[in-house]
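*Asks:* What follows is a structure written as structure tokens; I'll ask about it next.
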Amino acid sequence: MTDTKKTPTELFDCDRVNAYLDSYLLDQVPPPERRGMRLHIHGCPSCHEKVTSRDPLQLFAPLADQTLPEDRWEGFWSGVRSGMARPRREGIAARAARWLEPAAWTPARAAGVIALAAALFAVPALMVVLRSFEPEAGRPLTARDPDAVTAPAPAAAFVRAGEARDPLPQTVEQVRTPDARPVQVYSMRYDQEGPVPQGEGADARVTELVLIVDAGLEL
Amino acid sequence: MVDERTLIRLSRTGDQRAFEQLVGLKREKAFRIAFNIVGDEDDAKDIAQQAFIRLWSVIRTFDENSRFDPWFFRIVVNLAIDCYRKGKRSPTVGAGSFDPDAEAAAGSGMPPRGALPGADAELMRAELRSVFNRIAEALTPAQRAVFTLREIEGVATEDIATIMGVRSSTVRNHLLQARRVLQDGLRKSYPEYFRGRR
């Protein structure tokens, strides 16, 4: 298959097609020769019969030689050119890729990006630093703290009879006011009597009472 | 004529004249691939145009060390599959080379006039197109694209995998399924064309 003076079509007669038929069907014939074989096969009833009896779908092989006459291409390039001139709506990825292209980087853009990155880094860092400078007041006292004072639990009289049942377990927290005065915070939860409101969960009938006891407050 | 690599390189720099030549070089194959997938000449030409417009906008990103055809035909195949899925037009009619006699004969299940080898090649292709479009309706868009690329265009399996963004094993699987469906369709609807083992 190396005769360079003949076109691929001229290279193939029935004998030659028969010799290379297996390779043709196994797609082992290079494209120019394959085209020559194909053109012979589909113009020769006996070769066509042989090929399609081995692979019926070879029937469609001539579709590979489909071409449009030149007049049917009229206006094709002008259509492409007008599409090229139209500003295209770019996707986010395309815009990001274009924005990141090295050629698009100016000193001003670089400075802006560095400033933005610095700001993004600085804000959380500043918050951490400020938090570490918060005054000690407000810190919860521990039981061992000498400032911790004990106070009697608030009387059940705060809860009007008939409105609540037995108080649920209460919690006591001792904290300091901004002027460093110790106060006690009582938090009590009461289970309300009566039906649960329609459409609400069991928590709807629990009332929380928060009581702040300031021993140093003068009334 | 300037060679393809030079045209690609010049097009990447924004040379419209080079790009026009590149379009002239690739339009037939782009059209044919689209035509065999969507089955309609007007749609296929629209797809080819859209593919070149898109190519113009992305050609700067093409790596000149890689192969151009699989990279470009990926655009064509994706557009064609999208078009085929949308089903804008019936894929049963090959508008460009449509022959009413062939279509009527194909529809009736009778051997199309002039279908035997030796008849006018263009007429035969029109008839084949009609038969192919009818039985290929049973294929999924991916199967149809794989069959077109492999069996009609003779594109290598690895290149089809690149074009379609799938693995080679998936391409082989699609091809196997497509061949089965088409052989069944040919045997049932066009037994006069089916000369394989029954």
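Lettering and numbering for the structure tokens are positional, with chains as A, B, ... in the shown order, residues counted from 1 in each chain, and ligands counted from 1 in the shown order.
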Per residue of chain A within 10 Å of chain B, note the shortest atom pair and the distance in Å to one decimal, counting only C-alpha atoms, and order the rows by chain and increasing residue number, as a tab-separated table.
*Replies:*
residue	atom	partner	partner_atom	distance
A:Asp27	CA	B:Gly154	CA	7.9
A:Pro30	CA	B:Gly154	CA	9.8
A:Pro31	CA	B:Gly154	CA	7.8
A:Arg34	CA	B:Gly154	CA	9.3
A:Leu39	CA	B:Ala121	CA	9.5
A:His40	CA	B:Gly118	CA	9.9
A:Ile41	CA	B:Pro117	CA	8.4
A:His42	CA	B:Pro117	CA	5.7
A:Gly43	CA	B:Gly118	CA	4.8
A:Cys44	CA	B:Pro117	CA	6.0
A:Pro45	CA	B:Pro117	CA	5.2
A:Ser46	CA	B:Pro117	CA	8.9
A:Cys47	CA	B:Pro117	CA	9.5
A:His48	CA	B:Pro117	CA	7.1
A:Glu49	CA	B:Arg195	CA	7.6
A:Lys50	CA	B:Arg195	CA	9.0
A:Val51	CA	B:Arg195	CA	9.2
A:Thr52	CA	B:Arg195	CA	6.0
A:Ser53	CA	B:Gly196	CA	4.5
A:Arg54	CA	B:Gly196	CA	5.9
A:Asp55	CA	B:Gly196	CA	6.3
A:Pro56	CA	B:Gly196	CA	5.4
A:Leu57	CA	B:Gln183	CA	6.8
A:Gln58	CA	B:Glu151	CA	8.1
A:Leu59	CA	B:Leu128	CA	7.6
A:Phe60	CA	B:Leu128	CA	6.4
A:Ala61	CA	B:Ile152	CA	5.5
A:Pro62	CA	B:Arg125	CA	6.6
A:Leu63	CA	B:Arg125	CA	6.3
A:Ala64	CA	B:Ile152	CA	5.1
A:Asp65	CA	B:Arg125	CA	8.8
A:Gln66	CA	B:Arg32	CA	6.8
A:Thr67	CA	B:Glu28	CA	6.5
A:Leu68	CA	B:Glu28	CA	7.4
A:Arg72	CA	B:Gly96	CA	8.9
A:Trp73	CA	B:Lys45	CA	8.6
A:Phe76	CA	B:Gln49	CA	6.9
A:Trp77	CA	B:Glu20	CA	7.2
A:Ser78	CA	B:Gln49	CA	9.7
A:Gly79	CA	B:Gln49	CA	6.9
A:Val80	CA	B:Gln49	CA	5.5
A:Arg81	CA	B:Ile53	CA	7.6
A:Ser82	CA	B:Ile53	CA	8.8
A:Gly83	CA	B:Ile53	CA	5.8
A:Met84	CA	B:Ile53	CA	5.5
A:Ala85	CA	B:Ile53	CA	9.1
A:Arg86	CA	B:Ile53	CA	9.5
A:Pro87	CA	B:Ser57	CA	9.8
A:Arg88	CA	B:Ser57	CA	8.3
A:Glu90	CA	B:Ser57	CA	9.6
A:Ala94	CA	B:Val58	CA	9.2
A:Ala97	CA	B:Thr61	CA	9.8
*Asks:* Compile the contact shell of stretch 161-176 of chain B as a compact mmCIF listing (two decimals) with all heavy atoms, in the first residue's frame: residues with an atom at most 7 Å away, counting only C-alpha atoms, same-chain residues fewer than 6 positions apart removed.
*Replies:*
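Generated output (part_11.txt):
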# COMPACT_ATOMS: atom_id res chain seq x y z
N PRO B 70 -9.02 16.46 18.89
CA PRO B 70 -9.87 16.02 19.99
C PRO B 70 -10.36 17.18 20.86
O PRO B 70 -11.49 17.19 21.32
CB PRO B 70 -8.97 15.09 20.82
CG PRO B 70 -7.91 14.66 19.87
CD PRO B 70 -7.71 15.81 18.93
N TRP B 71 -9.48 18.17 21.03
CA TRP B 71 -9.82 19.35 21.84
C TRP B 71 -10.97 20.13 21.20
O TRP B 71 -11.94 20.48 21.86
CB TRP B 71 -8.57 20.23 21.98
CG TRP B 71 -8.72 21.38 22.91
CD1 TRP B 71 -8.65 21.37 24.27
CD2 TRP B 71 -8.95 22.75 22.53
NE1 TRP B 71 -8.83 22.63 24.76
CE2 TRP B 71 -9.01 23.49 23.72
CE3 TRP B 71 -9.11 23.41 21.32
CZ2 TRP B 71 -9.22 24.86 23.73
CZ3 TRP B 71 -9.33 24.78 21.33
CH2 TRP B 71 -9.37 25.48 22.53
N PHE B 73 -13.07 19.03 18.67
CA PHE B 73 -14.29 18.25 18.41
C PHE B 73 -15.07 17.96 19.68
O PHE B 73 -16.23 17.60 19.63
CB PHE B 73 -13.96 16.99 17.61
CG PHE B 73 -13.55 17.32 16.19
CD1 PHE B 73 -12.36 16.85 15.66
CD2 PHE B 73 -14.33 18.15 15.41
CE1 PHE B 73 -11.97 17.20 14.38
CE2 PHE B 73 -13.96 18.49 14.12
CZ PHE B 73 -12.77 18.02 13.61
N ARG B 74 -14.41 18.16 20.81
CA ARG B 74 -15.15 18.04 22.07
C ARG B 74 -16.23 19.13 22.12
O ARG B 74 -17.35 18.89 22.57
CB ARG B 74 -14.18 18.20 23.25
CG ARG B 74 -14.86 18.04 24.57
CD ARG B 74 -13.85 18.04 25.70
NE ARG B 74 -14.52 17.64 26.92
CZ ARG B 74 -13.92 17.23 28.00
NH1 ARG B 74 -12.63 17.13 28.02
NH2 ARG B 74 -14.59 16.89 29.07
N GLN B 143 -24.39 7.28 22.96
CA GLN B 143 -24.15 6.12 22.09
C GLN B 143 -24.06 6.55 20.64
O GLN B 143 -23.20 6.09 19.89
CB GLN B 143 -25.30 5.11 22.25
CG GLN B 143 -25.27 4.33 23.56
CD GLN B 143 -26.54 3.53 23.79
OE1 GLN B 143 -27.52 3.64 23.06
NE2 GLN B 143 -26.53 2.71 24.82
N VAL B 146 -20.72 8.29 20.06
CA VAL B 146 -19.61 7.34 20.02
C VAL B 146 -19.62 6.56 18.71
O VAL B 146 -18.58 6.40 18.04
CB VAL B 146 -19.67 6.37 21.23
CG1 VAL B 146 -18.73 5.19 21.04
CG2 VAL B 146 -19.31 7.10 22.51
N PHE B 147 -20.79 6.10 18.29
CA PHE B 147 -20.87 5.34 17.03
C PHE B 147 -20.42 6.20 15.86
O PHE B 147 -19.66 5.76 14.99
CB PHE B 147 -22.29 4.82 16.80
CG PHE B 147 -22.41 3.97 15.57
CD1 PHE B 147 -22.08 2.61 15.62
CD2 PHE B 147 -22.80 4.51 14.35
CE1 PHE B 147 -22.15 1.82 14.47
CE2 PHE B 147 -22.87 3.73 13.21
CZ PHE B 147 -22.54 2.38 13.27
*Asks:* Within 9 Å of A:Leu209, counting only C-alpha atoms, which residues show up once you throw out same-chain ones fewer than 6 positions away? Write them as a ChimeraX atom specification, please.
*Replies:* /A:186-190
*Asks:* Let's have the selection written as a compact mmCIF listing (two decimals), in the first residue's frame, with all heavy atoms.
*Replies:*
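That gives us selection_31.txt:
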# COMPACT_ATOMS: atom_id res chain seq x y z
N TYR A 186 -29.69 33.46 90.11
CA TYR A 186 -30.43 32.22 90.28
C TYR A 186 -31.25 32.00 89.00
O TYR A 186 -31.88 32.92 88.50
CB TYR A 186 -31.39 32.32 91.48
CG TYR A 186 -30.68 32.43 92.80
CD1 TYR A 186 -30.29 33.67 93.29
CD2 TYR A 186 -30.39 31.29 93.54
CE1 TYR A 186 -29.62 33.77 94.49
CE2 TYR A 186 -29.73 31.39 94.75
CZ TYR A 186 -29.35 32.63 95.22
OH TYR A 186 -28.69 32.71 96.41
N SER A 187 -31.22 30.80 88.57
CA SER A 187 -32.02 30.48 87.40
C SER A 187 -32.89 29.28 87.73
O SER A 187 -32.38 28.22 88.09
CB SER A 187 -31.09 30.16 86.21
OG SER A 187 -31.84 29.67 85.16
N MET A 188 -34.18 29.47 87.70
CA MET A 188 -35.09 28.40 88.07
C MET A 188 -36.08 28.14 86.94
O MET A 188 -36.51 29.09 86.27
CB MET A 188 -35.86 28.78 89.34
CG MET A 188 -35.00 28.78 90.57
SD MET A 188 -35.71 29.77 91.87
CE MET A 188 -35.48 31.40 91.30
N ARG A 189 -36.43 26.91 86.79
CA ARG A 189 -37.37 26.58 85.72
C ARG A 189 -38.59 25.94 86.35
O ARG A 189 -38.48 25.08 87.22
CB ARG A 189 -36.70 25.64 84.72
CG ARG A 189 -35.45 26.28 84.11
CD ARG A 189 -34.78 25.34 83.16
NE ARG A 189 -35.46 25.33 81.87
CZ ARG A 189 -35.53 24.25 81.10
NH1 ARG A 189 -34.98 23.12 81.49
NH2 ARG A 189 -36.15 24.32 79.96
N TYR A 190 -39.75 26.38 85.96
CA TYR A 190 -41.00 25.87 86.53
C TYR A 190 -41.84 25.23 85.43
O TYR A 190 -41.95 25.76 84.32
CB TYR A 190 -41.79 27.03 87.16
CG TYR A 190 -41.08 27.61 88.34
CD1 TYR A 190 -40.19 28.66 88.15
CD2 TYR A 190 -41.28 27.10 89.61
CE1 TYR A 190 -39.50 29.19 89.23
CE2 TYR A 190 -40.59 27.64 90.69
CZ TYR A 190 -39.71 28.68 90.50
OH TYR A 190 -39.04 29.20 91.54
*Asks:* Tell me, in Å to one decimal, how far atom CA of B:Gln177 is from atom CA of A:Met37.
*Replies:* 26.5 Å
